[in-house]
Structures are given as C-alpha cells and as structure tokens.
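Participant: What follows is coords37.cif, made up of mmCIF, C-alpha atoms and all ligand atoms:
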```cif
data_final
loop_
_atom_site.label_atom_id
_atom_site.label_comp_id
_atom_site.auth_asym_id
_atom_site.auth_seq_id
_atom_site.Cartn_x
_atom_site.Cartn_y
_atom_site.Cartn_z
CA MET A 1085 2.45 -9.23 15.97
CA ASN A 1086 4.34 -7.15 13.41
CA ILE A 1087 3.13 -7.73 9.88
CA LEU A 1088 4.58 -7.01 6.45
CA LEU A 1089 2.08 -7.04 3.57
CA LEU A 1090 3.33 -7.16 -0.03
CA GLY A 1091 1.42 -5.38 -2.79
CA SER A 1092 -0.06 -2.04 -3.79
CA GLY A 1093 -3.60 -2.55 -5.06
CA GLY A 1094 -7.16 -2.35 -3.82
CA ARG A 1095 -6.71 -5.89 -2.53
CA GLU A 1096 -3.87 -4.75 -0.28
CA HIS A 1097 -5.83 -1.72 0.95
CA ALA A 1098 -8.70 -4.05 1.91
CA LEU A 1099 -6.34 -6.51 3.61
CA SER A 1100 -4.59 -3.74 5.53
CA TRP A 1101 -7.97 -2.24 6.54
CA LYS A 1102 -9.01 -5.62 7.93
CA MET A 1103 -5.70 -6.61 9.56
CA ALA A 1104 -5.33 -3.23 11.27
CA LYS A 1105 -8.61 -3.94 13.12
CA SER A 1106 -7.13 -7.06 14.72
CA HIS A 1107 -5.90 -6.84 18.30
CA HIS A 1108 -3.13 -9.26 17.19
CA CYS A 1109 -1.76 -6.62 14.85
CA ASP A 1110 0.87 -4.38 16.47
CA LYS A 1111 2.75 -2.77 13.61
CA LEU A 1112 1.65 -3.07 10.00
CA PHE A 1113 3.94 -2.29 7.07
CA ILE A 1114 2.99 -2.39 3.40
CA ALA A 1115 5.54 -2.79 0.61
CA PRO A 1116 5.14 -0.73 -1.49
CA GLY A 1117 1.47 0.11 -0.66
CA ASN A 1118 -0.59 3.03 -1.95
CA ALA A 1119 -2.14 6.23 -0.59
CA GLY A 1120 -4.92 4.14 1.01
CA THR A 1121 -2.77 1.56 2.79
CA ALA A 1122 -0.88 4.43 4.43
CA GLN A 1123 -4.05 5.09 6.51
CA PHE A 1124 -3.61 1.74 8.26
CA GLY A 1125 0.13 1.18 8.41
CA THR A 1126 3.48 2.40 7.16
CA ASN A 1127 4.30 2.15 3.47
CA VAL A 1128 7.88 1.08 2.77
CA SER A 1129 9.46 1.38 -0.65
CA ILE A 1130 10.55 -2.19 -1.20
CA GLY A 1131 9.63 -4.10 -4.36
CA ILE A 1132 7.34 -7.13 -4.11
CA ASN A 1133 10.02 -9.37 -5.67
CA ASP A 1134 13.00 -7.92 -3.80
CA PHE A 1135 13.37 -10.74 -1.27
CA ASN A 1136 16.79 -9.59 -0.06
CA ALA A 1137 15.46 -6.14 0.85
CA GLN A 1138 12.42 -7.79 2.48
CA LYS A 1139 14.75 -9.98 4.55
CA LYS A 1140 16.68 -7.01 5.88
CA PHE A 1141 13.45 -5.15 6.62
CA CYS A 1142 11.91 -8.12 8.44
CA ILE A 1143 14.96 -8.58 10.65
CA ASP A 1144 15.33 -4.86 11.42
CA ASN A 1145 11.62 -4.49 12.24
CA LYS A 1146 11.04 -7.79 14.04
CA ILE A 1147 8.37 -8.92 11.58
CA ASN A 1148 6.36 -11.98 12.68
CA MET A 1149 4.11 -12.42 9.64
CA LEU A 1150 4.49 -11.90 5.89
CA VAL A 1151 1.25 -11.64 3.92
CA VAL A 1152 1.76 -11.86 0.16
CA GLY A 1153 -0.96 -10.07 -1.84
CA PRO A 1154 -0.09 -10.67 -5.53
CA GLU A 1155 0.87 -13.91 -7.31
CA GLU A 1156 4.22 -12.88 -8.73
CA PRO A 1157 6.32 -13.12 -5.56
CA LEU A 1158 4.64 -16.45 -4.75
CA VAL A 1159 5.39 -17.90 -8.18
CA ASN A 1160 8.95 -16.54 -7.75
CA GLY A 1161 9.33 -18.41 -4.45
CA ALA A 1162 8.76 -15.89 -1.62
CA PHE A 1163 7.54 -18.68 0.69
CA ASP A 1164 10.59 -20.87 0.03
CA TYR A 1165 13.00 -17.92 0.39
CA PHE A 1166 11.65 -17.20 3.88
CA LYS A 1167 11.35 -20.82 5.03
CA ASN A 1168 14.86 -21.74 3.84
CA ASP A 1169 16.53 -18.86 5.65
CA GLU A 1170 17.66 -19.42 9.26
CA ALA A 1171 16.86 -15.82 10.23
CA LEU A 1172 13.40 -15.79 8.62
CA LYS A 1173 12.06 -19.31 8.93
CA ASN A 1174 9.92 -18.59 12.01
CA ILE A 1175 8.03 -15.81 10.26
CA ILE A 1176 4.50 -16.92 9.34
CA VAL A 1177 4.16 -16.67 5.56
CA VAL A 1178 0.67 -16.36 4.13
CA GLY A 1179 1.00 -17.82 0.64
CA PRO A 1180 1.88 -21.18 -0.93
CA SER A 1181 5.31 -22.60 -1.76
CA LYS A 1182 6.77 -21.94 -5.21
CA GLU A 1183 5.87 -25.44 -6.34
CA ALA A 1184 2.24 -25.17 -5.18
CA ALA A 1185 1.93 -21.65 -6.65
CA GLN A 1186 2.24 -23.40 -10.04
CA LEU A 1187 -1.50 -23.95 -9.68
CA GLU A 1188 -1.66 -20.34 -10.89
CA GLY A 1189 1.80 -20.02 -12.44
CA SER A 1190 1.31 -22.76 -15.03
CA LYS A 1191 -1.98 -23.60 -16.76
CA SER A 1192 -0.47 -26.91 -17.84
CA PHE A 1193 0.45 -27.77 -14.23
CA SER A 1194 -3.03 -26.90 -12.96
CA LYS A 1195 -4.81 -28.84 -15.75
CA LYS A 1196 -2.72 -31.94 -15.02
CA PHE A 1197 -3.35 -31.54 -11.29
CA MET A 1198 -7.11 -31.39 -11.92
CA GLN A 1199 -6.96 -34.44 -14.16
CA ARG A 1200 -5.03 -36.44 -11.55
CA HIS A 1201 -7.60 -35.58 -8.88
CA LYS A 1202 -10.68 -35.82 -11.10
CA ILE A 1203 -11.66 -32.21 -10.52
CA PRO A 1204 -14.20 -31.02 -13.12
CA THR A 1205 -12.67 -28.64 -15.67
CA ALA A 1206 -12.73 -28.04 -19.45
CA GLY A 1207 -11.04 -30.65 -21.66
CA TYR A 1208 -7.72 -29.49 -23.12
CA THR A 1209 -4.61 -30.26 -25.17
CA GLU A 1210 -1.24 -28.54 -24.85
CA PHE A 1211 1.24 -27.51 -27.54
CA THR A 1212 4.80 -26.19 -27.79
CA LYS A 1213 7.19 -25.41 -30.66
CA GLU A 1214 7.85 -29.16 -30.97
CA ASN A 1215 4.28 -30.08 -31.91
CA PHE A 1216 3.34 -26.70 -33.42
CA GLU A 1217 2.35 -28.17 -36.82
CA ASN A 1218 0.07 -30.72 -35.13
CA GLY A 1219 -1.37 -27.84 -33.13
CA LYS A 1220 -2.30 -25.98 -36.33
CA LYS A 1221 -4.13 -29.05 -37.64
CA TYR A 1222 -5.81 -29.49 -34.27
CA LEU A 1223 -7.02 -25.88 -34.28
CA ALA A 1224 -8.27 -26.07 -37.87
CA GLN A 1225 -10.73 -28.82 -37.00
CA HIS A 1226 -11.63 -27.47 -33.51
CA SER A 1227 -15.19 -26.28 -32.88
CA LEU A 1228 -15.66 -22.55 -32.21
CA PRO A 1229 -15.05 -20.64 -30.06
CA ILE A 1230 -11.48 -21.74 -29.30
CA VAL A 1231 -9.90 -20.90 -25.94
CA LEU A 1232 -6.12 -20.37 -26.07
CA LYS A 1233 -4.14 -19.93 -22.88
CA ALA A 1234 -0.49 -19.01 -22.45
CA ASP A 1235 0.91 -21.47 -19.94
CA GLY A 1236 2.61 -18.97 -17.62
CA LEU A 1237 1.80 -15.65 -15.97
CA ALA A 1238 0.94 -13.00 -18.55
CA ALA A 1239 -0.40 -10.13 -16.43
CA GLY A 1240 -3.99 -11.28 -16.95
CA LYS A 1241 -3.69 -11.10 -20.76
CA GLY A 1242 -2.76 -14.70 -21.47
CA VAL A 1243 -6.26 -16.03 -22.26
CA VAL A 1244 -7.70 -15.39 -25.72
CA ILE A 1245 -11.11 -16.62 -26.86
CA CYS A 1246 -11.24 -16.80 -30.66
CA ASN A 1247 -14.40 -16.84 -32.71
CA ASP A 1248 -12.81 -17.85 -36.00
CA HIS A 1249 -10.14 -20.31 -37.03
CA ASN A 1250 -7.80 -17.81 -38.69
CA GLU A 1251 -7.71 -15.65 -35.59
CA ALA A 1252 -6.98 -18.73 -33.46
CA LEU A 1253 -4.09 -19.73 -35.76
CA GLN A 1254 -2.65 -16.21 -35.60
CA VAL A 1255 -2.86 -16.04 -31.81
CA PHE A 1256 -1.35 -19.53 -31.57
CA GLU A 1257 1.61 -18.53 -33.73
CA GLU A 1258 2.01 -15.23 -31.94
CA MET A 1259 2.20 -16.98 -28.59
CA ILE A 1260 4.42 -19.95 -29.43
CA ILE A 1261 6.65 -18.80 -32.30
CA ASN A 1262 6.80 -15.04 -31.65
CA LYS A 1263 6.83 -15.56 -27.88
CA GLN A 1264 4.24 -12.84 -27.32
CA PHE A 1265 4.44 -13.37 -23.57
CA GLY A 1266 8.09 -14.46 -23.49
CA ASP A 1267 8.66 -17.83 -21.82
CA ALA A 1268 5.08 -17.72 -20.48
CA SER A 1269 3.71 -18.54 -23.94
CA THR A 1270 6.18 -21.10 -25.25
CA LYS A 1271 3.59 -23.62 -24.12
CA VAL A 1272 -0.10 -23.07 -24.96
CA VAL A 1273 -3.14 -24.82 -23.55
CA VAL A 1274 -6.07 -25.13 -25.98
CA GLU A 1275 -9.24 -25.60 -24.03
CA GLU A 1276 -12.84 -26.57 -24.64
CA PHE A 1277 -15.10 -23.48 -24.38
CA LEU A 1278 -17.49 -23.56 -21.45
CA ASP A 1279 -20.72 -21.60 -21.64
CA GLY A 1280 -22.02 -20.60 -18.23
CA ILE A 1281 -21.97 -18.05 -15.39
CA GLU A 1282 -18.73 -17.39 -13.52
CA VAL A 1283 -18.30 -17.10 -9.77
CA SER A 1284 -15.20 -17.13 -7.59
CA VAL A 1285 -14.86 -18.94 -4.28
CA PHE A 1286 -12.13 -18.07 -1.76
CA VAL A 1287 -10.58 -20.53 0.63
CA LEU A 1288 -7.85 -20.30 3.24
CA THR A 1289 -5.94 -23.56 3.66
CA ASP A 1290 -2.95 -24.99 5.50
CA GLY A 1291 -2.74 -27.75 2.91
CA LYS A 1292 -4.73 -30.11 5.11
CA ASP A 1293 -7.81 -28.28 6.36
CA TYR A 1294 -9.60 -25.31 4.85
CA GLN A 1295 -12.15 -22.61 5.55
CA ILE A 1296 -14.30 -20.90 2.94
CA ILE A 1297 -13.95 -17.18 3.55
CA GLY A 1298 -16.33 -15.94 0.88
CA HIS A 1299 -17.38 -15.87 -2.74
CA ALA A 1300 -18.02 -13.16 -5.30
CA LYS A 1301 -19.01 -12.39 -8.86
CA ASP A 1302 -16.58 -10.17 -10.71
CA TYR A 1303 -17.52 -7.88 -13.65
CA LYS A 1304 -14.52 -8.25 -15.97
CA ARG A 1305 -15.51 -6.26 -19.07
CA ILE A 1306 -14.85 -2.54 -19.36
CA GLY A 1307 -18.31 -1.68 -20.74
CA GLU A 1308 -21.76 -1.65 -19.22
CA GLY A 1309 -23.76 -4.74 -20.15
CA ASP A 1310 -20.53 -6.78 -20.09
CA ILE A 1311 -19.15 -5.60 -23.42
CA GLY A 1312 -15.69 -4.54 -24.61
CA PRO A 1313 -12.24 -5.71 -23.55
CA ASN A 1314 -11.44 -7.66 -20.40
CA THR A 1315 -10.02 -5.77 -17.45
CA GLY A 1316 -8.63 -6.78 -14.06
CA GLY A 1317 -12.17 -6.31 -12.74
CA MET A 1318 -14.60 -3.38 -12.78
CA GLY A 1319 -16.70 -4.36 -9.77
CA CYS A 1320 -17.96 -7.22 -7.67
CA VAL A 1321 -20.94 -8.40 -5.69
CA SER A 1322 -21.17 -10.78 -2.74
CA PRO A 1323 -23.06 -12.89 -1.85
CA VAL A 1324 -24.10 -14.03 -5.33
CA PRO A 1325 -27.81 -14.92 -5.48
CA PHE A 1326 -27.38 -18.09 -7.59
CA VAL A 1327 -24.80 -19.52 -5.19
CA ASP A 1328 -27.20 -21.43 -2.96
CA ASP A 1329 -26.49 -24.22 -0.47
CA VAL A 1330 -26.94 -26.95 -3.06
CA PHE A 1331 -24.43 -25.35 -5.43
CA MET A 1332 -21.91 -24.67 -2.63
CA GLN A 1333 -22.20 -28.27 -1.49
CA LYS A 1334 -21.23 -29.39 -5.01
CA VAL A 1335 -18.33 -26.93 -5.04
CA GLU A 1336 -17.04 -28.26 -1.73
CA GLU A 1337 -17.43 -31.95 -2.48
CA ARG A 1338 -16.26 -31.96 -6.10
CA ILE A 1339 -13.75 -29.13 -6.15
CA ILE A 1340 -12.49 -27.79 -2.82
CA LYS A 1341 -12.06 -31.08 -0.97
CA PRO A 1342 -10.31 -32.93 -3.82
CA THR A 1343 -8.06 -29.90 -4.39
CA VAL A 1344 -6.91 -29.70 -0.77
CA ALA A 1345 -6.59 -33.51 -0.57
CA GLY A 1346 -4.56 -33.39 -3.80
CA LEU A 1347 -2.17 -30.82 -2.36
CA GLN A 1348 -1.66 -32.97 0.70
CA LYS A 1349 -1.22 -36.17 -1.27
CA GLU A 1350 1.38 -34.60 -3.55
CA ASN A 1351 3.20 -32.87 -0.67
CA LEU A 1352 2.58 -29.47 -2.19
CA VAL A 1353 3.19 -27.08 0.71
CA TYR A 1354 0.31 -24.63 0.88
CA ASN A 1355 -0.32 -22.03 3.54
CA GLY A 1356 -2.56 -19.41 2.05
CA PHE A 1357 -5.50 -18.47 -0.11
CA ILE A 1358 -6.87 -20.50 -2.98
CA PHE A 1359 -9.01 -18.52 -5.40
CA PHE A 1360 -11.24 -20.95 -7.29
CA GLY A 1361 -12.37 -19.33 -10.54
CA LEU A 1362 -15.48 -21.38 -11.29
CA ILE A 1363 -18.09 -21.55 -14.00
CA LYS A 1364 -21.59 -22.91 -13.50
CA VAL A 1365 -22.74 -24.93 -16.50
CA ASN A 1366 -26.21 -26.52 -16.19
CA ASP A 1367 -26.07 -26.17 -12.40
CA GLU A 1368 -22.71 -27.98 -12.25
CA PRO A 1369 -19.50 -26.22 -11.13
CA LEU A 1370 -16.26 -26.55 -13.14
CA VAL A 1371 -12.88 -24.94 -12.52
CA ILE A 1372 -11.82 -22.28 -15.04
CA GLU A 1373 -8.63 -21.48 -13.13
CA TYR A 1374 -6.90 -21.55 -9.79
CA ASN A 1375 -5.17 -18.51 -8.38
CA CYS A 1376 -2.81 -18.76 -5.43
CA ARG A 1377 -3.92 -15.46 -3.86
CA MET A 1378 -7.00 -13.34 -3.27
CA GLY A 1379 -8.66 -11.58 -6.22
CA ASP A 1380 -8.76 -7.89 -6.91
CA PRO A 1381 -11.46 -6.42 -6.67
CA GLU A 1382 -12.95 -9.59 -5.10
CA THR A 1383 -11.03 -8.95 -1.86
CA GLU A 1384 -12.69 -5.55 -1.53
CA VAL A 1385 -16.12 -7.20 -1.38
CA VAL A 1386 -15.26 -10.51 0.37
CA ILE A 1387 -13.09 -9.18 3.20
CA PRO A 1388 -15.53 -6.51 4.48
CA ARG A 1389 -18.27 -9.18 4.58
CA LEU A 1390 -16.07 -11.54 6.59
CA GLN A 1391 -16.65 -10.90 10.29
CA THR A 1392 -13.89 -13.20 11.57
CA ASP A 1393 -10.52 -11.73 12.60
CA LEU A 1394 -8.17 -12.27 9.67
CA VAL A 1395 -4.88 -12.18 11.58
CA SER A 1396 -6.21 -14.88 13.96
CA LEU A 1397 -7.16 -16.95 10.92
CA PHE A 1398 -3.64 -16.60 9.52
CA ALA A 1399 -2.15 -17.63 12.87
CA ALA A 1400 -4.55 -20.61 13.06
CA MET A 1401 -3.54 -21.62 9.56
CA ASP A 1402 0.08 -21.60 10.66
CA ASN A 1403 -0.37 -23.55 13.90
CA GLY A 1404 -2.67 -26.26 12.55
CA THR A 1405 -5.92 -25.07 14.18
CA LEU A 1406 -7.63 -23.63 11.09
CA ILE A 1407 -10.26 -26.36 11.32
CA ASP A 1408 -11.42 -24.96 14.70
CA ALA A 1409 -11.94 -21.41 13.45
CA ASN A 1410 -15.45 -19.98 13.32
CA ILE A 1411 -16.23 -18.10 10.16
CA TYR A 1412 -18.92 -15.43 10.31
CA PHE A 1413 -20.34 -13.39 7.46
CA ASP A 1414 -22.35 -10.21 7.58
CA GLU A 1415 -25.88 -10.95 6.36
CA LYS A 1416 -26.01 -7.78 4.25
CA LYS A 1417 -25.35 -7.58 0.51
CA TYR A 1418 -22.08 -6.04 -0.65
CA ALA A 1419 -21.15 -4.35 -3.93
CA THR A 1420 -17.85 -2.85 -5.07
CA VAL A 1421 -17.59 -0.37 -7.94
CA VAL A 1422 -14.15 0.30 -9.44
CA ALA A 1423 -13.18 3.70 -10.90
CA VAL A 1424 -10.56 3.54 -13.65
CA SER A 1425 -8.45 5.99 -15.60
CA GLY A 1426 -9.61 6.95 -19.15
CA GLY A 1427 -8.22 4.55 -21.76
CA TYR A 1428 -7.85 1.59 -19.37
CA PRO A 1429 -7.39 -1.37 -20.06
CA SER A 1430 -5.25 0.04 -22.92
CA ASP A 1431 -3.00 3.07 -22.44
CA TYR A 1432 -3.94 5.54 -19.74
CA LYS A 1433 -2.39 8.52 -17.98
CA LYS A 1434 -0.93 8.52 -14.49
CA ASN A 1435 -0.31 11.29 -11.96
CA LEU A 1436 -3.77 12.82 -12.38
CA LYS A 1437 -4.87 14.73 -9.32
CA ILE A 1438 -7.83 13.14 -7.52
CA SER A 1439 -10.19 15.65 -5.93
CA GLY A 1440 -13.33 15.41 -3.85
CA PHE A 1441 -12.01 13.58 -0.79
CA GLU A 1442 -12.11 16.75 1.36
CA ASN A 1443 -15.85 17.42 1.33
CA LEU A 1444 -17.02 13.90 0.78
CA LYS A 1445 -20.44 13.04 2.18
CA MET A 1446 -19.75 9.55 3.51
CA ASN A 1447 -22.10 7.14 5.20
CA ASN A 1448 -21.13 4.33 7.53
CA ASP A 1449 -22.10 1.77 4.92
CA SER A 1450 -19.32 2.54 2.43
CA ILE A 1451 -15.57 2.15 2.39
CA ILE A 1452 -13.25 3.75 -0.15
CA PHE A 1453 -10.39 1.46 -1.09
CA HIS A 1454 -7.48 2.88 -3.05
CA ALA A 1455 -5.98 0.85 -5.90
CA GLY A 1456 -3.64 2.82 -8.21
CA THR A 1457 -3.09 5.93 -6.09
CA LYS A 1458 -0.14 7.63 -4.47
CA GLN A 1459 0.40 10.58 -2.19
CA VAL A 1460 2.46 13.41 -3.67
CA ASP A 1461 2.92 16.21 -1.11
CA ASP A 1462 -0.66 17.19 -0.12
CA ASP A 1463 -2.28 15.60 -3.17
CA ILE A 1464 -3.46 12.11 -3.96
CA VAL A 1465 -2.79 11.30 -7.61
CA THR A 1466 -3.56 8.34 -9.87
CA ASN A 1467 -0.85 5.71 -10.19
CA GLY A 1468 -2.50 2.94 -12.22
CA GLY A 1469 -5.41 1.93 -14.44
CA ARG A 1470 -7.73 0.92 -11.66
CA VAL A 1471 -7.72 3.83 -9.23
CA LEU A 1472 -10.39 3.41 -6.55
CA ALA A 1473 -12.74 0.63 -5.45
CA VAL A 1474 -15.72 1.70 -3.37
CA THR A 1475 -17.51 -1.02 -1.39
CA SER A 1476 -20.92 -0.55 0.22
CA PHE A 1477 -23.41 -2.78 1.97
CA ALA A 1478 -27.20 -2.66 2.11
CA GLU A 1479 -30.29 -4.87 2.23
CA THR A 1480 -30.10 -5.43 -1.54
CA ILE A 1481 -27.29 -5.60 -4.09
CA ALA A 1482 -28.89 -2.74 -6.03
CA ASP A 1483 -28.89 -0.45 -2.97
CA ALA A 1484 -25.30 -1.41 -2.14
CA ALA A 1485 -24.16 -0.64 -5.71
CA ASN A 1486 -26.06 2.68 -5.62
CA LYS A 1487 -24.33 3.74 -2.44
CA SER A 1488 -20.93 3.00 -3.99
CA LYS A 1489 -21.84 4.98 -7.11
CA LYS A 1490 -22.99 7.96 -4.97
CA ILE A 1491 -19.56 8.08 -3.35
CA LEU A 1492 -17.73 7.90 -6.70
CA GLU A 1493 -19.94 10.67 -8.12
CA GLN A 1494 -18.38 13.02 -5.57
CA ILE A 1495 -14.81 12.15 -6.58
CA HIS A 1496 -13.08 13.40 -9.69
CA PHE A 1497 -9.96 12.98 -11.81
CA ASP A 1498 -9.51 13.66 -15.52
CA GLY A 1499 -10.92 10.80 -17.59
CA MET A 1500 -12.42 8.99 -14.60
CA TYR A 1501 -14.82 6.18 -15.56
CA PHE A 1502 -16.81 3.57 -13.67
CA ARG A 1503 -19.49 1.09 -14.64
CA LYS A 1504 -22.94 2.11 -13.41
CA ASP A 1505 -24.43 -1.35 -13.82
CA ILE A 1506 -22.51 -3.50 -11.32
CA GLY A 1507 -24.95 -6.16 -10.07
CA TYR A 1508 -27.45 -5.31 -12.84
CA GLU A 1509 -28.72 -8.87 -13.29
CA PHE A 1510 -29.63 -9.17 -9.63
CA GLU A 1511 -31.81 -6.06 -9.24
P1 LIG A 1601 -8.32 -17.06 -16.77
O1 LIG A 1601 -7.15 -16.15 -16.92
O2 LIG A 1601 -8.00 -18.51 -16.88
O3 LIG A 1601 -9.19 -16.70 -15.63
O4 LIG A 1601 -9.28 -16.74 -17.98
C1 LIG A 1601 -9.80 -15.44 -18.14
C2 LIG A 1601 -11.24 -15.51 -18.51
O5 LIG A 1601 -11.41 -16.20 -19.74
C3 LIG A 1601 -12.08 -16.29 -17.51
O6 LIG A 1601 -12.46 -15.55 -16.42
C4 LIG A 1601 -13.27 -16.65 -18.41
O7 LIG A 1601 -14.14 -15.55 -18.54
C5 LIG A 1601 -12.62 -16.91 -19.74
N1 LIG A 1601 -12.35 -18.34 -19.92
C6 LIG A 1601 -11.23 -18.99 -19.58
N2 LIG A 1601 -11.32 -20.30 -19.88
C7 LIG A 1601 -12.53 -20.48 -20.45
C8 LIG A 1601 -13.22 -21.62 -20.97
N3 LIG A 1601 -12.66 -22.82 -21.01
N4 LIG A 1601 -14.45 -21.43 -21.45
C9 LIG A 1601 -15.02 -20.20 -21.44
N5 LIG A 1601 -14.43 -19.11 -20.97
C10 LIG A 1601 -13.20 -19.23 -20.46
N1 LIG A 1602 -10.31 -10.07 -10.53
C1 LIG A 1602 -9.61 -11.18 -11.01
C2 LIG A 1602 -8.33 -11.48 -10.37
O1 LIG A 1602 -7.95 -10.94 -9.36
O2 LIG A 1602 -7.62 -12.34 -10.90
#
```
As structure tokens, what does this structure read like?
Facilitator:
Amino acid sequence: MNILLLGSGGREHALSWKMAKSHHCDKLFIAPGNAGTAQFGTNVSIGINDFNAQKKFCIDNKINMLVVGPEEPLVNGAFDYFKNDEALKNIIVVGPSKEAAQLEGSKSFSKKFMQRHKIPTAGYTEFTKENFENGKKYLAQHSLPIVLKADGLAAGKGVVICNDHNEALQVFEEMIINKQFGDASTKVVVEEFLDGIEVSVFVLTDGKDYQIIGHAKDYKRIGEGDIGPNTGGMGCVSPVPFVDDVFMQKVEERIIKPTVAGLQKENLVYNGFIFFGLIKVNDEPLVIEYNCRMGDPETEVVIPRLQTDLVSLFAAMDNGTLIDANIYFDEKKYATVVAVSGGYPSDYKKNLKISGFENLKMNNDSIIFHAGTKQVDDDIVTNGGRVLAVTSFAETIADAANKSKKILEQIHFDGMYFRKDIGYEFE
C-alpha cells in the first residue's frame, strides 16, 4: 500500500515510524513532514490544506491511503474532498468527515452532541454578539473560576480560565466583540469549572465499532511543577497509574460507547481517531473536549506502546472488520519528554542548529521523535516551538523519564529547554 501522511510534528514522526514497520506499507510520503519523518519515507512539499495538490500527488503516486495527522484539514473537509472525487474515492482516508470533525471544530457542536447523548461533561451556556449583554450579566454572577472557550479552532489558545470577574468580562469582550480569534470566537461557550485530574483516551472508530488504542497523561504547562502558561504539551506518560480497570470501564460505558453510538445514530461519518480529553472528578470521568485526531505529544507515547500493526488497523477500520482486531500493548512504562525552543510558548527563534546527534549514546529503549525540525544541507535546524520529543520505556515511569532526559542532555541548540519532572507524581 502507498500511503500519504499529512502533517509535520512529533505526532507525524511517530506515525511514520510506526507505519513504516508495517509489511502493508510499500511507499510512505509525508506532506510536508520534518527532518525526522524523512528517515521513514519521502517528504513532499505540499501544504496540509492544499487538497488540489494532494489530489494530483495521490493520482501520480498511486496512493491507497491518506492519513490525516492534524485537525485543520479534517475540519476543512479533507475526507469529503477525497470521497466526493471520482479519482480519489477509493483511497482509504483516516479521519472523520467535515461534519463529524465539528466534534473538535466547534465547542458548541460538541457540547450539544454530549447533551443529546447524555455524555457527562461540564454544564455550559453559549453567547454571541446577539446576547452579549445577557452574557455580561451571566458572567458577573458566575462562580469563580470561569472557563471561557472560543467556539472554533484557535490553535490551542481558545480556552481561558479566569480567576476574577473583570478578567472574564475582558476576555469575553475580546473574543466576541473584538473577534480575537476571528470567526472562531464570535460564539463563546462559558463552562462550569471542573476540578480534577486530566487523562486522554485514544480510540480508533469506523463510526460503528471502536478499539481503544491507548491512553496518556499530558503535561501542558511550560514550567516544572505544572506552573506557567499552557503549551501544546511538554511531555507525556503512559500507562497512567490511576487509570485502572474500574475507571476504564466507566469511560467505556459512559463516554466511548454513547459517543460512537451517537455518531452512528446521527449519521456522522467517522473513520478515524477520537481523542477523548477527560477529567476525573471524584473517581468519575467527564469529557473536557473531543479532538478528531491523535494528540501531540500523546502519539509519541501511545503509538510506541501499541504492539498492533497500525496500517492493518486502518485497513480494518475501512473494511468493517475493526471489531475483530486484536490490540496488544507493551507492558512497560513509557515517558516522553519534549524539548522546546527558548521563549516558547510565546515568541521563539527558528533555524537554530541542533547538534549532538552524531555522537549520541543511544540505548534500545529510547526513540527520538522530531517535531519542529528541518534539514538544511547537512544540518538539522529548529523549525518550531516544540523541537524534539524523546520517548523511552522502562519498568517504571521514573526510569523511562530519566532515560529520555539522558538522551536530551546530549543534544543542544541555543535556548533549548525541557521539563525535568515529567511523571513526577508517579515516582
Ligand atoms: P481544551 O482546549 O478544551 O482542551 O481546554 C484546554 C485545557 O483547559 C484543558 O486541557 C483543561 O486543562 C482546561 N479546561 C478546559 N475546560 C475546563 C473545565 N470545564 N474545567 C476545568 N478545566 C478546563
Ligand atoms: N497535547 C494536546 C493536543 O494534542 O491537543
């Protein structure tokens, strides 16, 4: 099978690493990819949202499967573009339809979906310009903290948790009236604050059946001890010690099954990953958000742990046999540590030379995934805020995290930073 993978992050490096191992994978192309994905396939310079260029490429290169890494092309209708085109419709597309991708693309859509299917989530109210004045009154009497969410995609910056009423009013006005996130914030969801521990569960579904392919805890804050601004993710661990059989049973019965049944009932065409962002409050799981793709860096910890062939799983999803698949996980503990560029998640420099790869003392228990990197002549340089994600496995989370840190200590670029406490609460 010839495969085209869209995306350029650590997630795509991990997916290409895994898919290249499959005996079903003949040629693998990554658009646009990074310096890491080039180790497992051919990078092609086509944009993730450039469906016309993807079409030409798929026809010219006899592509059989399109795997969509990030959410944007899915929310923009990549699935529908391929399935509605005579020349492309037989290509397996891993990712939901545009309509179903609204589970991530619109907070309002996903909250209503959860309400219709009685899936546990925080209570909420939504506001637009039309009921802005009511919204201000609503916020003024709301208990603190107040969770404000831009309805649409806002590059991970659309959720603001406010600890005082004035701040909440400012953010509210900024989003709706000043259109801080353009059309994405003309509608705002105001949500009840949930106090608990977060965990993410990953499912592959054909819209009828599903398989759980892993779970992970993500460390979102830039600073050690979980302080400072939110990032795309500074590290991950899997499995998560508090996710026991009893908890997973609740997640399946109350969240995963009603979600998949809801998709089917509403004829929402879904052929891909569902990322359930969950929070555990008093031992009960609630949904914080749905994403219509794998997480980053969650993929870098979940996919190496998954022992089942991923390309076979994608094919099974497409031909209606997903239910028969056997899912195996490595018993070891996995930890990913992400190295970022100085200044991230605010402004940071790019094109910084990364050194240390040449004489690296590697062990067989670690994998270096590239995120924001690119090859320039003989050098690998930084090309984003999150630069590398090193995953290791061991008997304990602490040992796995230590192995990842030991690898990163041998690598250098100006301003490089990584958290040294990934998995700290589980040591
Ligand atoms: P989201 O983009 O929806 O994942 O939100 C980003 C982060 O905001 C989540 O991972 C949580 O840490 C936090 N968050 C979102 N909604 C809530 C909520 N209702 N209560 C508490 N924290 C929340
Ligand atoms: N690490 C969070 C995400 O991928 O959305």
Participant: Can I get the residues close to ligand LIG 1602 (chain A) as JSON, numbers by chain, where close means within 6 Å and we count only C-alpha atoms and all ligand atoms?
Facilitator: {"A": [1316, 1317, 1379, 1380, 1381]}
Participant: List as a tab-separated table every residue of chain A that is in contact with ligand LIG 1601 (chain A), defined as an atom at most 6 Å from one of its atoms (using only C-alpha atoms and all ligand atoms), together with the nearest atom pair and the distance in Å rounded to one decimal, sorted by chain and then rising number.
Facilitator:
```
residue	atom	partner	partner_atom	distance
A:Ala1206	CA	A:LIG1601	N3	5.4
A:Val1231	CA	A:LIG1601	N3	6.0
A:Gly1240	CA	A:LIG1601	O1	5.8
A:Val1243	CA	A:LIG1601	O4	5.3
A:Glu1275	CA	A:LIG1601	N3	5.3
A:Glu1276	CA	A:LIG1601	N3	5.2
A:Phe1277	CA	A:LIG1601	N4	3.6
A:Leu1278	CA	A:LIG1601	N4	3.7
A:Asp1279	CA	A:LIG1601	C9	5.9
A:Ile1372	CA	A:LIG1601	N2	5.3
A:Glu1373	CA	A:LIG1601	O2	4.8
```
Participant: Could you work out how far CA of Val1321 in chain A lies from CA of Val1177 in chain A, giving the answer in Å with one decimal?
Facilitator: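 If I compute the distance from CA of Val1177 in chain A to CA of Val1321 in chain A, I get 28.7 Å.
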Participant: Distance CA of Thr1457 in chain A-CA of Lys1437 in chain A, one decimal place?
Facilitator: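 Interatomic distance here is 9.5 Å.
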Participant: May I have the protein, DNA and RNA residues with an atom at most 12 Å from (5.4, -12.5, 20.3), counting all atoms listed in the file in the file's coordinates, returned as a list in words?
Facilitator: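 Those residues lying close to the given coordinates are Met1085, Asn1086, Ile1087, His1108, Cys1109, Asp1110, Lys1146, Ile1147, Asn1148, Met1149, Asn1174, Ile1175, Ile1176 and Ala1399 of chain A.
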